[in-house]
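Here is work-v4.txt, consisting of compact mmCIF, C-alpha atoms:
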```txt
# COMPACT_ATOMS: atom_id res chain seq x y z
CA MET J 1 -32.77 -30.87 -4.76
CA GLU J 2 -29.01 -30.86 -4.37
CA LEU J 3 -27.13 -30.21 -7.62
CA THR J 4 -24.70 -32.85 -8.87
CA GLY J 5 -21.19 -31.91 -10.03
CA HIS J 6 -22.27 -31.76 -13.69
CA HIS J 7 -25.31 -29.61 -12.93
CA ARG J 8 -23.37 -27.36 -10.54
CA VAL J 9 -20.91 -26.49 -13.29
CA HIS J 10 -23.66 -25.67 -15.78
CA ASP J 11 -25.91 -23.76 -13.37
CA GLU J 12 -25.01 -20.13 -14.11
CA HIS J 13 -26.35 -18.78 -10.81
CA PHE J 14 -24.40 -21.35 -8.79
CA PHE J 15 -21.29 -20.75 -10.90
CA ARG J 16 -21.42 -17.01 -10.13
CA GLN J 17 -22.11 -17.70 -6.47
CA VAL J 18 -19.07 -19.91 -6.03
CA LEU J 19 -16.69 -17.67 -7.98
CA GLY J 20 -18.03 -14.69 -6.05
CA ARG J 21 -16.29 -16.09 -2.96
CA TYR J 22 -13.04 -15.00 -4.58
CA PRO J 23 -12.48 -11.24 -3.97
CA THR J 24 -11.28 -9.15 -6.89
CA GLY J 25 -9.90 -5.68 -7.19
CA VAL J 26 -11.97 -3.05 -8.97
CA VAL J 27 -10.39 -0.89 -11.66
CA ALA J 28 -11.61 1.63 -14.19
CA VAL J 29 -10.15 1.10 -17.65
CA THR J 30 -10.15 4.45 -19.44
CA SER J 31 -9.26 5.98 -22.79
CA VAL J 32 -10.47 8.87 -24.97
CA ASP J 33 -12.41 8.93 -28.23
CA ASP J 34 -11.43 10.75 -31.42
CA ASP J 35 -12.86 14.00 -30.01
CA GLY J 36 -10.87 13.72 -26.79
CA GLN J 37 -13.92 12.78 -24.73
CA PRO J 38 -13.31 10.30 -21.88
CA LEU J 39 -14.32 6.66 -22.16
CA GLY J 40 -14.42 4.30 -19.23
CA MET J 41 -15.56 0.92 -18.02
CA ILE J 42 -15.40 -0.96 -14.70
CA VAL J 43 -13.38 -4.18 -14.71
CA GLY J 44 -12.88 -6.82 -12.03
CA SER J 45 -10.50 -8.98 -14.04
CA PHE J 46 -7.35 -6.86 -14.19
CA SER J 47 -4.11 -8.80 -13.69
CA SER J 48 -0.37 -8.55 -13.97
CA VAL J 49 0.88 -10.90 -16.69
CA SER J 50 4.63 -10.54 -17.17
CA LEU J 51 7.62 -8.68 -15.73
CA GLN J 52 9.80 -9.06 -18.84
CA PRO J 53 8.30 -7.48 -20.83
CA ARG J 54 5.97 -5.47 -18.58
CA LEU J 55 2.53 -6.81 -19.51
CA VAL J 56 -0.90 -6.57 -17.88
CA SER J 57 -4.34 -7.72 -18.95
CA PHE J 58 -8.04 -7.26 -18.38
CA MET J 59 -11.11 -9.06 -19.67
CA ALA J 60 -14.19 -7.53 -21.27
CA ALA J 61 -17.47 -9.20 -22.19
CA ARG J 62 -17.99 -9.52 -25.93
CA THR J 63 -21.43 -7.96 -25.45
CA SER J 64 -20.07 -4.91 -23.61
CA SER J 65 -21.11 -1.68 -25.32
CA SER J 66 -18.46 0.20 -23.29
CA TYR J 67 -15.69 -2.02 -24.57
CA ALA J 68 -17.08 -1.78 -28.10
CA ARG J 69 -16.26 1.95 -27.97
CA GLN J 70 -12.86 1.47 -26.36
CA ARG J 71 -11.92 -1.45 -28.59
CA THR J 72 -10.93 0.92 -31.38
CA ARG J 73 -8.37 2.64 -29.11
CA ASP J 74 -4.71 1.56 -29.13
CA ARG J 75 -4.09 2.54 -25.51
CA PHE J 76 -5.76 2.48 -22.13
CA CYS J 77 -5.14 3.45 -18.52
CA VAL J 78 -5.93 1.18 -15.59
CA ASN J 79 -7.20 3.22 -12.61
CA VAL J 80 -7.02 1.29 -9.32
CA LEU J 81 -10.04 2.65 -7.47
CA SER J 82 -9.95 3.42 -3.76
CA ASP J 83 -12.52 2.49 -1.13
CA ARG J 84 -13.87 6.04 -1.49
CA HIS J 85 -14.70 5.51 -5.16
CA GLU J 86 -17.91 3.50 -4.91
CA GLU J 87 -19.98 6.32 -6.46
CA VAL J 88 -17.41 6.72 -9.26
CA CYS J 89 -17.58 2.98 -9.79
CA LYS J 90 -21.37 3.11 -10.11
CA ALA J 91 -21.18 6.07 -12.52
CA LEU J 92 -18.74 4.33 -14.86
CA ALA J 93 -20.67 1.05 -14.72
CA VAL J 94 -23.85 2.52 -16.26
CA LYS J 95 -24.87 1.61 -19.77
CA ARG J 96 -24.09 3.64 -22.85
CA GLY J 97 -26.19 6.71 -23.44
CA THR J 98 -25.29 8.67 -20.32
CA ASP J 99 -22.36 10.92 -19.53
CA LYS J 100 -20.39 8.54 -17.35
CA PHE J 101 -17.81 11.15 -16.40
CA ALA J 102 -20.28 13.84 -15.27
CA GLY J 103 -18.95 14.98 -11.91
CA VAL J 104 -15.90 12.69 -12.09
CA GLY J 105 -12.62 14.59 -11.88
CA TRP J 106 -9.73 13.41 -13.99
CA ARG J 107 -6.54 14.47 -15.75
CA PRO J 108 -4.73 13.03 -18.79
CA SER J 109 -2.17 10.31 -18.30
CA PRO J 110 1.16 10.56 -20.15
CA LEU J 111 -0.51 8.67 -23.01
CA GLY J 112 -3.62 10.87 -22.82
CA SER J 113 -6.07 8.50 -21.12
CA PRO J 114 -8.02 9.68 -18.06
CA VAL J 115 -6.46 9.30 -14.62
CA ILE J 116 -9.33 9.62 -12.16
CA ASP J 117 -8.83 11.88 -9.15
CA GLY J 118 -7.97 10.03 -5.96
CA VAL J 119 -7.03 6.62 -7.37
CA VAL J 120 -4.50 4.64 -5.35
CA ALA J 121 -2.54 3.76 -8.51
CA TRP J 122 -2.66 4.03 -12.28
CA ILE J 123 -1.01 2.04 -15.09
CA ASP J 124 -0.70 3.54 -18.58
CA CYS J 125 -0.64 0.96 -21.38
CA VAL J 126 -0.69 0.38 -25.10
CA VAL J 127 -2.68 -2.53 -26.51
CA VAL J 128 -0.52 -5.36 -27.85
CA ASP J 129 -3.11 -8.12 -28.35
CA GLU J 130 -6.75 -9.13 -28.00
CA ILE J 131 -7.56 -12.79 -27.48
CA GLU J 132 -11.02 -14.35 -27.80
CA ALA J 133 -11.87 -16.48 -24.75
CA GLY J 134 -15.42 -17.82 -24.65
CA ASP J 135 -17.83 -14.94 -24.13
CA HIS J 136 -15.02 -12.51 -23.25
CA TYR J 137 -12.01 -10.84 -24.81
CA ILE J 138 -8.65 -10.90 -23.03
CA VAL J 139 -6.93 -7.58 -23.69
CA LEU J 140 -3.16 -7.56 -23.30
CA GLY J 141 -1.35 -4.28 -22.66
CA ARG J 142 2.29 -3.23 -22.48
CA VAL J 143 2.97 -0.90 -19.56
CA GLU J 144 4.45 2.44 -20.63
CA ASP J 145 4.12 4.35 -17.34
CA LEU J 146 2.65 3.85 -13.88
CA GLU J 147 2.38 5.47 -10.48
CA ALA J 148 1.34 4.64 -6.92
CA ALA J 149 -0.76 7.77 -7.00
CA GLY J 150 -2.17 8.27 -3.54
CA PRO J 151 -3.09 6.90 -0.12
CA GLY J 152 -6.12 4.84 0.71
CA LEU J 153 -7.24 1.24 0.46
CA PRO J 154 -8.35 -0.39 -2.80
CA LEU J 155 -11.99 -1.00 -3.63
CA ILE J 156 -12.83 -4.69 -3.89
CA PHE J 157 -15.74 -6.75 -5.17
CA HIS J 158 -16.76 -9.77 -3.11
CA ASN J 159 -19.90 -11.89 -2.78
CA GLY J 160 -21.86 -9.62 -5.10
CA GLY J 161 -21.02 -6.30 -3.47
CA TYR J 162 -18.40 -3.59 -3.21
CA GLY J 163 -16.29 -3.11 -0.11
CA SER J 164 -12.77 -2.48 1.09
CA PHE J 165 -9.85 -4.58 2.16
CA ILE J 166 -9.19 -4.13 5.88
CA PRO J 167 -5.69 -5.39 6.63
CA ARG J 168 -5.25 -6.81 10.12
CA SER J 169 -1.90 -8.52 10.03
CA ARG J 170 0.68 -8.77 7.27
CA VAL J 171 4.20 -10.18 7.31
CA ILE J 172 7.08 -10.09 4.86
CA PRO J 173 7.37 -13.24 2.70
CA ALA J 174 9.65 -15.74 4.40
CA ARG J 175 13.03 -16.40 2.78
CA PRO J 176 15.94 -18.41 4.21
CA ASP J 177 17.89 -15.29 5.24
CA ILE J 178 14.98 -13.80 7.21
CA MET J 179 13.21 -16.87 8.61
CA THR J 180 14.36 -16.07 12.16
CA HIS J 181 12.93 -12.55 11.88
CA VAL J 182 9.59 -13.85 10.58
CA VAL J 183 9.34 -16.34 13.45
CA LEU J 184 9.96 -13.57 15.99
CA ALA J 185 7.38 -11.33 14.30
CA ASP J 186 4.84 -14.16 14.50
CA LEU J 187 5.42 -14.38 18.26
CA ALA J 188 4.78 -10.64 18.59
CA ARG J 189 1.69 -10.35 16.39
CA PRO J 190 -1.05 -11.53 18.80
CA ALA J 191 -0.10 -8.94 21.44
CA VAL J 192 0.24 -6.22 18.79
CA GLU J 193 -3.15 -7.12 17.29
CA SER J 194 -4.76 -6.66 20.69
CA LEU J 195 -3.09 -3.25 21.09
CA THR J 196 -4.06 -1.97 17.63
CA ARG J 197 -7.69 -3.01 18.17
CA GLU J 198 -7.70 -1.16 21.48
CA LEU J 199 -6.15 2.02 20.09
CA GLY J 200 -7.61 1.92 16.56
CA MET J 201 -4.12 2.37 15.10
CA GLU J 202 -1.62 0.52 12.92
CA CYS J 203 1.71 -0.88 14.08
CA ALA J 204 4.89 -1.87 12.25
CA ILE J 205 7.26 -4.52 13.62
CA MET J 206 10.80 -3.36 12.81
CA MET J 207 14.06 -5.35 12.85
CA THR J 208 17.57 -4.98 11.52
CA ILE J 209 18.61 -7.28 8.69
CA GLY J 210 22.23 -6.73 7.75
CA ASP J 211 22.82 -3.01 7.38
CA GLN J 212 19.14 -2.12 6.98
CA VAL J 213 16.11 -1.59 9.19
CA VAL J 214 13.18 -3.55 7.76
CA ARG J 215 9.41 -3.47 8.34
CA VAL J 216 9.01 -7.20 8.84
CA ALA J 217 5.29 -7.10 9.65
CA ALA J 218 2.37 -4.70 9.97
CA VAL J 219 -0.66 -5.13 12.19
CA GLY J 220 -3.96 -3.24 12.35
CA ALA J 221 -6.03 -1.20 9.92
CA PRO J 222 -5.03 2.31 8.80
CA PRO J 223 -7.38 5.27 9.27
CA VAL J 224 -9.96 5.77 6.52
CA GLY J 225 -8.29 7.25 3.45
CA ALA J 226 -4.75 6.44 4.65
CA ALA J 227 -2.41 4.02 2.94
CA PRO J 228 -1.58 0.83 4.87
CA ILE J 229 1.96 0.28 6.12
CA GLN J 230 4.07 -1.44 3.48
CA VAL J 231 5.72 -4.60 4.78
CA GLY J 232 9.20 -5.34 3.49
CA GLN J 233 10.05 -1.65 3.36
CA ARG J 234 13.75 -1.06 4.06
CA MET J 235 15.75 1.93 5.21
CA PRO J 236 19.47 2.36 5.92
CA PHE J 237 20.61 1.59 9.47
CA TRP J 238 22.43 4.85 10.12
CA ALA J 239 21.72 8.03 12.08
CA PRO J 240 19.05 9.20 12.59
CA LEU J 241 17.24 6.05 11.38
CA GLY J 242 16.88 3.00 13.62
CA ALA J 243 17.88 4.76 16.85
CA LEU J 244 16.07 2.22 19.06
CA MET J 245 18.09 -0.65 17.59
CA VAL J 246 21.36 0.94 18.68
CA ALA J 247 20.49 2.89 21.85
CA TRP J 248 21.27 -0.06 24.18
CA ARG J 249 24.40 -1.25 22.35
CA GLU J 250 28.00 -0.55 23.25
CA ARG J 251 29.28 2.98 22.79
CA ARG J 252 31.54 2.09 19.88
CA GLU J 253 28.56 0.70 17.94
CA GLN J 254 26.59 3.86 18.68
CA GLU J 255 29.48 6.00 17.45
CA ALA J 256 29.76 3.94 14.26
CA TRP J 257 25.99 4.33 13.67
CA ALA J 258 26.23 8.10 14.18
CA ARG J 259 29.26 8.43 11.88
CA ARG J 260 27.48 6.57 9.06
CA GLY J 261 24.70 9.18 9.05
CA ALA J 262 24.59 12.67 7.56
CA GLY J 263 27.20 14.92 9.11
CA GLY J 264 28.89 11.91 10.70
CA GLY J 265 32.30 13.36 9.96
CA ASP J 266 31.65 16.16 12.45
CA PRO J 267 32.55 15.15 16.04
CA ALA J 268 29.93 17.57 17.41
CA THR J 269 27.19 15.81 15.38
CA VAL J 270 28.31 12.41 16.63
CA GLU J 271 28.33 13.67 20.21
CA ALA J 272 24.84 15.12 19.79
CA HIS J 273 23.56 11.71 18.71
CA LEU J 274 25.24 10.01 21.67
CA ARG J 275 23.57 12.41 24.11
CA ALA J 276 20.23 11.84 22.39
CA LEU J 277 20.65 8.06 22.68
CA ASP J 278 21.25 8.52 26.42
CA ARG J 279 17.89 10.30 26.65
CA VAL J 280 16.22 7.57 24.58
CA ARG J 281 17.44 4.93 27.05
CA ALA J 282 16.17 6.99 29.97
CA ARG J 283 12.75 7.54 28.40
CA GLY J 284 12.37 4.07 26.88
CA TRP J 285 10.61 5.18 23.68
CA VAL J 286 10.92 7.66 20.82
CA ILE J 287 8.59 10.00 18.96
CA SER J 288 8.87 11.29 15.40
CA LEU J 289 6.84 14.30 14.29
CA ALA J 290 5.08 14.57 10.93
CA THR J 291 7.41 17.19 9.48
CA ASP J 292 7.74 17.92 5.76
CA ALA J 293 11.12 16.18 5.80
CA TYR J 294 9.66 12.99 7.28
CA LEU J 295 6.77 13.03 4.80
CA ALA J 296 9.34 13.35 2.00
CA LEU J 297 11.29 10.45 3.49
CA ASP J 298 8.14 8.31 3.62
CA ASP J 299 7.58 9.02 -0.07
CA VAL J 300 11.14 7.94 -0.91
CA LEU J 301 10.86 4.75 1.17
CA ALA J 302 7.55 3.87 -0.50
CA HIS J 303 8.34 4.67 -4.12
CA HIS J 304 12.10 4.43 -4.73
CA PRO J 305 13.70 1.01 -5.33
CA ASP J 306 16.54 -0.10 -3.06
CA GLY J 307 19.98 0.95 -4.24
CA PRO J 308 22.56 3.73 -4.26
CA VAL J 309 20.20 6.31 -5.80
CA ARG J 310 17.65 5.89 -3.03
CA ASP J 311 20.34 5.91 -0.34
CA GLY J 312 21.70 9.13 -1.79
CA THR J 313 18.25 10.72 -1.71
CA ILE J 314 17.80 9.63 1.91
CA ARG J 315 21.13 11.19 2.84
CA GLU J 316 20.00 14.46 1.30
CA LEU J 317 16.89 14.38 3.50
CA GLU J 318 18.68 13.52 6.73
CA THR J 319 19.92 17.03 7.40
CA ALA J 320 16.36 18.32 7.04
CA LEU J 321 15.16 15.65 9.48
CA GLY J 322 16.98 17.54 12.20
CA GLY J 323 19.66 15.10 13.34
CA PRO J 324 18.75 13.76 16.81
CA GLY J 325 15.55 15.81 16.62
CA ALA J 326 14.21 13.22 14.20
CA TYR J 327 13.80 10.74 17.07
CA ASP J 328 14.45 12.69 20.29
CA GLN J 329 12.04 15.35 21.50
CA GLU J 330 13.56 16.60 24.75
CA SER J 331 10.14 17.53 26.12
CA LEU J 332 6.44 17.44 25.23
CA ALA J 333 5.61 20.85 26.64
CA ALA J 334 3.78 22.26 23.60
CA GLU J 335 0.00 22.14 23.47
CA ARG J 336 -0.40 20.10 20.28
CA TYR J 337 1.80 17.88 18.12
CA ARG J 338 1.55 16.44 14.61
CA VAL J 339 2.79 12.93 15.36
CA ARG J 340 4.11 10.64 12.64
CA ASN J 341 4.78 7.66 14.90
CA VAL J 342 5.79 6.57 18.40
CA SER J 343 8.14 3.60 18.84
CA ALA J 344 9.22 1.35 21.71
CA PRO J 345 11.87 -1.40 21.92
CA VAL J 346 11.34 -5.11 22.56
CA PHE J 347 14.17 -6.65 24.57
CA GLY J 348 15.35 -10.23 24.34
CA PRO J 349 16.44 -12.33 27.34
CA ASP J 350 20.00 -10.97 26.99
CA GLY J 351 18.84 -7.38 27.44
CA GLN J 352 19.47 -6.40 23.82
CA VAL J 353 16.84 -4.90 21.51
CA VAL J 354 15.50 -7.60 19.20
CA MET J 355 12.88 -5.48 17.44
CA TYR J 356 10.89 -2.33 17.94
CA LEU J 357 7.23 -1.47 17.50
CA SER J 358 6.13 1.71 15.69
CA LEU J 359 2.57 2.96 16.07
CA PHE J 360 1.08 4.99 13.21
CA GLY J 361 -2.33 6.56 12.69
CA PHE J 362 -2.35 9.42 15.19
CA PRO J 363 -5.01 12.14 14.82
CA GLU J 364 -4.13 15.32 12.92
CA THR J 365 -2.84 16.74 16.21
CA SER J 366 -2.31 15.18 19.64
CA THR J 367 -1.65 16.59 23.09
CA GLY J 368 1.49 15.67 24.99
CA GLY J 369 -0.72 13.74 27.42
CA ASP J 370 -2.27 11.74 24.57
CA VAL J 371 1.19 10.86 23.26
CA MET J 372 2.38 9.79 26.71
CA ARG J 373 -0.70 7.59 27.18
CA VAL J 374 -0.19 5.83 23.85
CA ALA J 375 3.55 5.45 24.53
CA GLY J 376 2.78 3.83 27.87
CA ARG J 377 0.44 1.28 26.26
CA LEU J 378 3.01 0.59 23.56
CA ARG J 379 5.78 0.01 26.12
CA ALA J 380 3.56 -2.38 28.07
CA CYS J 381 2.88 -4.32 24.87
CA ALA J 382 6.59 -4.42 24.02
CA SER J 383 7.40 -5.68 27.51
CA ALA J 384 4.82 -8.46 27.22
CA ILE J 385 6.29 -9.53 23.88
CA GLY J 386 9.79 -9.57 25.37
CA GLY J 387 8.63 -12.17 27.88
CA LEU J 388 7.61 -14.46 25.02
CA LEU J 389 10.91 -14.44 23.16
CA PRO J 390 13.11 -17.54 23.31
CA GLY J 391 16.48 -17.39 25.07
```
Represent the structure contained in this file as structure tokens.
Amino acid sequence: MELTGHHRVHDEHFFRQVLGRYPTGVVAVTSVDDDGQPLGMIVGSFSSVSLQPRLVSFMAARTSSSYARQRTRDRFCVNVLSDRHEEVCKALAVKRGTDKFAGVGWRPSPLGSPVIDGVVAWIDCVVVDEIEAGDHYIVLGRVEDLEAAGPGLPLIFHNGGYGSFIPRSRVIPARPDIMTHVVLADLARPAVESLTRELGMECAIMMTIGDQVVRVAAVGAPPVGAAPIQVGQRMPFWAPLGALMVAWRERREQEAWARRGAGGGDPATVEAHLRALDRVRARGWVISLATDAYLALDDVLAHHPDGPVRDGTIRELETALGGPGAYDQESLAAERYRVRNVSAPVFGPDGQVVMYLSLFGFPETSTGGDVMRVAGRLRACASAIGGLLPG
């Protein structure tokens, strides 16, 4: 017999079934007891509450024996579990009476609570309030420290089981000053989705907004254990960053771009960039290798807020990036390469570069032939997108 509205609400099984359609993140809330031994519980109700002040919350069942032990603590750490943490999740979800942390690696947070090895993020908090809400407690915490700790995708709970979030297409939130860019990215996404499915890679759609190069959208799923591309990420539009956006512009604009970068006061450095841009135009795409300097740059782009401090840090890294070598490999004669990304321009009807596509997710090493094959597919995709753009 079909349940009526009143009976649906009061049928516990049906209530769980309907709410289970809403996916939730999975976190481990940890602390230590008086003897310094780790305490932990799995929570699917963690949430950000306030930016000013920095407040977060989680909910715990009033019957939870795990929370009964942690309830006496004045601090806790929220561990955002990765999609590789299903076994850790099961271990911490067991009832009291077993050593939950047997075989689980961890280190103390700044406040002394366990940070589990391999989490994608952690948030260190002190308890500021506990609110009774039906058969649960709402625990409110003030954030004292936090970190985007590592790569990987978050573990989620959905429809009664654990799984992972597989991003396919993400775009920066639309605001009045970037609506045109979002519309163009939407035109490009179907073709890019087809390419990323074919190659099993992830692609960023890059555009210039003012004096910055911005990841307006990201398409495809990252390799297992890798962090997905962050949309909205911004980097300065100066040498050696954003070379594809300037390579087809007038010489004076190229010179200005080169002078804004590290060493731009040296005429020889500017000339080296101009020669490299000539080669970029001839080749039609660029490659960046996964050097230590680029990995450091990625860390800065991901974790440092926009502003003069971040720009200063980027400038310090630019010399290590190798000037034109950051985007211009004169040949692919070596046997193997550690490839960070390969990028190709998308031209508008006027022949100018409107955006460029950057493919990420290469194997640990690739042959020159592999790189050329992927670059060819990327250029074909970029060309197809160019034919869709309005005049």
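Between J:Ala276 and the candidates J:Val342, J:Ala326, J:Val88, J:Ile42, the tightest atom-to-atom separation, counting only C-alpha atoms, involves J:Ala326.
Counting from atom CA of J:Val27, the distance to atom CA of J:Arg142 is 16.8 Å.
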Query - Residues within 12 Å of J:Asp306, all atoms listed in the file, excluding chain neighbours under 2 positions, as an MDAnalysis selection string - result: chainID J and resid 212 214 232:236 300:304 308:314
Query - d(atom CA of J:Gly134, atom CA of J:Ala61) in Å - result: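 These atoms are spaced 9.2 Å apart.
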Requested in this report: Return the single residue from J:Met59, J:Cys125, J:Leu111, J:Val32 that is closest to J:Thr72, with distances computed using only C-alpha atoms.
Outcome: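 Among the listed residues, J:Val32 lies closest to J:Thr72.
Taking atom CA of J:Gly36 as the reference point, atom CA of J:Asn79 is found at 18.0 Å.
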**Report entry** Shortest interatomic distance to J:Ala221 - which of J:Val270, J:Leu146, J:Leu359, J:Ala282, counting only C-alpha atoms
**Finding:**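 Closest candidate: J:Leu359.
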Query raised in the report: What's the 7 Å shell around J:Gly150, counting all atoms listed in the file, without same-chain residues fewer than 6 positions away, as JSON, numbers by chain?
Result: {"J": [118, 119, 120, 121]}
